[in-house]
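Peer 1: Have a look at this one.
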Amino acid sequence: MARKKETTKNKPFPTLEKARSSINSLFFDSEKHSFDYLEDNLKHKLRGYQKSALLHLYWSQVQKEVDEDYNQLLFNMATGSGKTDVMAAAILYLYHEQGFNNFIFVSNTTAVVDKTRENFFNSASSKYLYSSPIIIDGERISFSYIGSTFPVNPESNTIYIKLTTIQTLSNELNDPGENGLTYDDLAKFKIAILADEAHHFNIDTKKSNKKAKEENSWESVLDHIRSLNSANRQLEFTATIDVDKPEVYEKYKNKIIYKYDLDKFMNAGYSKKVFRLQANTDNNQKLLNAVLLNEYRKRVAKKLGIPNFKPVMLVKSNRIKTSQQVEQDFLDMINNLSSDDLENFIVRNQKLNTKSRALSETYKYWLSQDLSKAVLEIQQDFNLRTTINVNEGGTKGILSDSNDFRNLNSLEDENNPFRIIFAVAKLTEGWDVLNLYDIVRVSETKESITMNSTNAEAQLIGRGARYYPFVYQGKKSYTRRFDSGRDATFENQLLETLYYHTINDSKYIDNLNKSFDKMDLIVNKDGEYDTYTAKVKSSFMKTSFYKWGNLYYNKTEKVPDTNYANIGDYGINNLTMDIDYNQSTTESNLHDKYYNDVVRESDVRYDVVADFSNPSDYRLIKRALARNKFYRFSTMKKYLPMVKSVREFITSDDWLGRLRVQAKVPNEYDQSLSPFEKLHVLDNALKTIQRNIVKNYQKERGTNEFVSIAVKDVVKDYQKSIPKLSNKTISEVIKPKPMSKSDWFPYDWAIADQLETSLINRVESWLEDLKKKHKNIYLIRNEETIASWTLHEFENKDVKHYEGYMPDFILVLDDGEVMYQVYMEPKGDQLLERDAWKQDLLESIRPENIEIIGETNDVRLYGVKFYITGDGRGIQDELKKDDLI
């Protein structure tokens, strides 16, 4: 049998694994690694994985073997994940806790050095990474830029940083001039080296190559500096370390201290989504498509009230001559564009690009607009003044020109005019643009389709996928916010999606996909979806119910803090929590196919992890609480106003004092849970409690007073886009059901999953009996992307739920004198227990329990049990009992 090739995903990294295991153990002292002083002095709030990276660094520096085994470490973190923020925090950590005053920042390009100078020294720059001023333990800390060597008599509270390219540093040290920098000079100091884009300093397998020899000499320079003092440290940062090469793996297997891969980063929502548009069109056609999509995105942002939203395009070529010609052709095309030209282009391409959702939606939008005005806007946004060509850098690099650097590194700024960039060299290092939304790959006569070429493009796309934290509804987010919910429309998602407009060459696409896989870059192919549209029937819009009728939801009122007196007020049953612990499903490949693995109760056991009433478990409980920042008292107090202390929270019967956490463990796991495994289970339990606390700490609760909302504001046309290849179970697959001949259903199509379709069919089976009692019958489908109302629990329960809830259907029955409206919800078996409170809410809605504000006695509201497959809970019997059938 052939041996399976070892990949990056399964290569062992002993230092990383040892750090992770030690940090996750019960015996790692959580009290000594508080990074509050870092949070206070950094411009950006540290993300969870960035804190983990710093925690790994902290662990390494408190080991006894630190000088021998942990003096050179590598952070392998995804493009766009904020490596420079980690570096900025590491400087303060090494200064404050390890006594480092002197730092050398080194990279292989002036672009990265110039960018880092802005990051660390220019407090007026939008790229500056620190708070201003920097204060630690009440002392103001200054940064000082070093031109040559470090001062023998340093100023107090000062961090000295030398920023240099590796080429310059190598020349200085290996060929020193008069009063130049020497190794002897550096030997006088304790120095921390910060090596960015560190993959340039690796041992290359092709040692006969001149460039490889040069890079190896650069590596030797850093090794020599590090060896001058046993206390010296070298921290390296890169997204692209090639550990699949044996020599590189051997060098770094014990030096990688932290890894955060790109697919994990993207899946967590920290990036734009990426779609690939491939076509055989000429360059101008491809560019005009990109412009239309780009301008559509800009208008969407304006409609949503997002200020200063400027989406940028990048046009990528292989040769300078081609890039210059494409730029001139593009400017001529835009300058000569007329509304007739644009309309003809859109109409013609609308027929050709039916498989592209992005372009189909773009064409549909522009055909509904004033194209004369559209042309003026395009010509104002894309012209010589808003175009930048950065192909004159030559061998010195694409960002070697200082003006180009300032322009490209400030593209998000309001006063930066540039909308389109023409480039040949790869913009993969030293460029932190966030508002790049379209990359256009120019076609050329002799197309380069090598893996080196596509690797560079994949890196460029990964850099362009960085999330743009625009302000929406007064808030800035650093993760995608339109992935789900009623705001998850195609238009909104345009603001969080990068499109790569590329050539359609089979070998090129194959190599590009391999490059994506190598980087763990998640790229979607545009067009692999089905879009279903449900339109309100004209016949329904003619009814008096549509024109003047209402639907109803209950009012809310403010909740006083005294109402949050125990854990039940947060919707939490404080007796027992069962947490799945199944090692076989803790990790899965992003691209693996979905399968539904049903576990029988007889195949599992329940191990007690923590009993909050048992003092002997307090050490474990406190350790778990210390690992979660939410359970610091200052944070808890914001959501738990009646809790007096953390101790009361974990010991009082009103709070977690009666909580029992159990692990649901497969029987084949034939050993007791280790302390670390128990801690992992308890972490998950506490996170569940945290989510419930935050979710239920609402300042409003439901009342029994119901108010109206117009039917026409709820029943509107809508669309749903469904991936063709779904990773959902069969019961969740959404399909359209034709309803044009069913006058009792307001829409021409029911876009529903299997269970929802079953409910629709069940109601249809009741029609003959319903018509004996009622003149008008409608089954209203509530679409969450349209409706803006919710029901709220209004009965006083021991366990409270303050969040809103909107049932999927309302059955409207009108007998000519009284209109009955019945709230109905289909529910899968797996959700019945979790959502039981919603069923209780529905069943509490009865005429005798509520008051309808502003209505006479001609409306009655009811709620019924959840509908499950085959009407197993008997909602038909409920309706008969209430004399509605």
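Identifiers in the structure tokens: chain A, B, ... in order shown; residue index from 1 per chain; ligand index from 1 in order shown.
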Find the spatial neighbours of Ser539 in chain A, counting only C-alpha atoms, within a cut-off of 10 Å - ignore same-chain residues fewer than 2 positions away - and output them as number ranges by chain.
Peer 2: A: 536-537, 541-543, 546, 743, 746-747
Peer 1: Can you tell me which residues surround range 187-200 of chain A at a distance of at most 8 Å, considering only C-alpha atoms, apart from same-chain residues fewer than 5 positions away, and format the answer as a ChimeraX atom specification?
Peer 2: /A:87,100-108,150,215,222,225-226,228-229,231-242,429
Peer 1: Name the residues of range 589-758 of chain A that fall into helix (DSSP H, G or I) according to DSSP on the backbone, using the chain letters and numbers of this document, as a ChimeraX atom specification.
Peer 2: /A:601-603,615-626,629-631,633-639,646-651,675-696,711-713,730-732,754-758
Peer 1: Give me, please, the distance in Å between CA of Leu498 in chain A and CA of Ala124 in chain A, quoted to one decimal.
Peer 2: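 Going from CA of Leu498 in chain A over to CA of Ala124 in chain A covers 29.1 Å.
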Peer 1: Of the candidates A:Gln719, A:Asp607, A:Ser338, A:Glu803, which shows the shortest atom-to-atom distance to Glu700 in chain A, using only C-alpha atoms?
Peer 2: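 With only C-alpha atoms as the atom set, the closest residue is A:Glu803.
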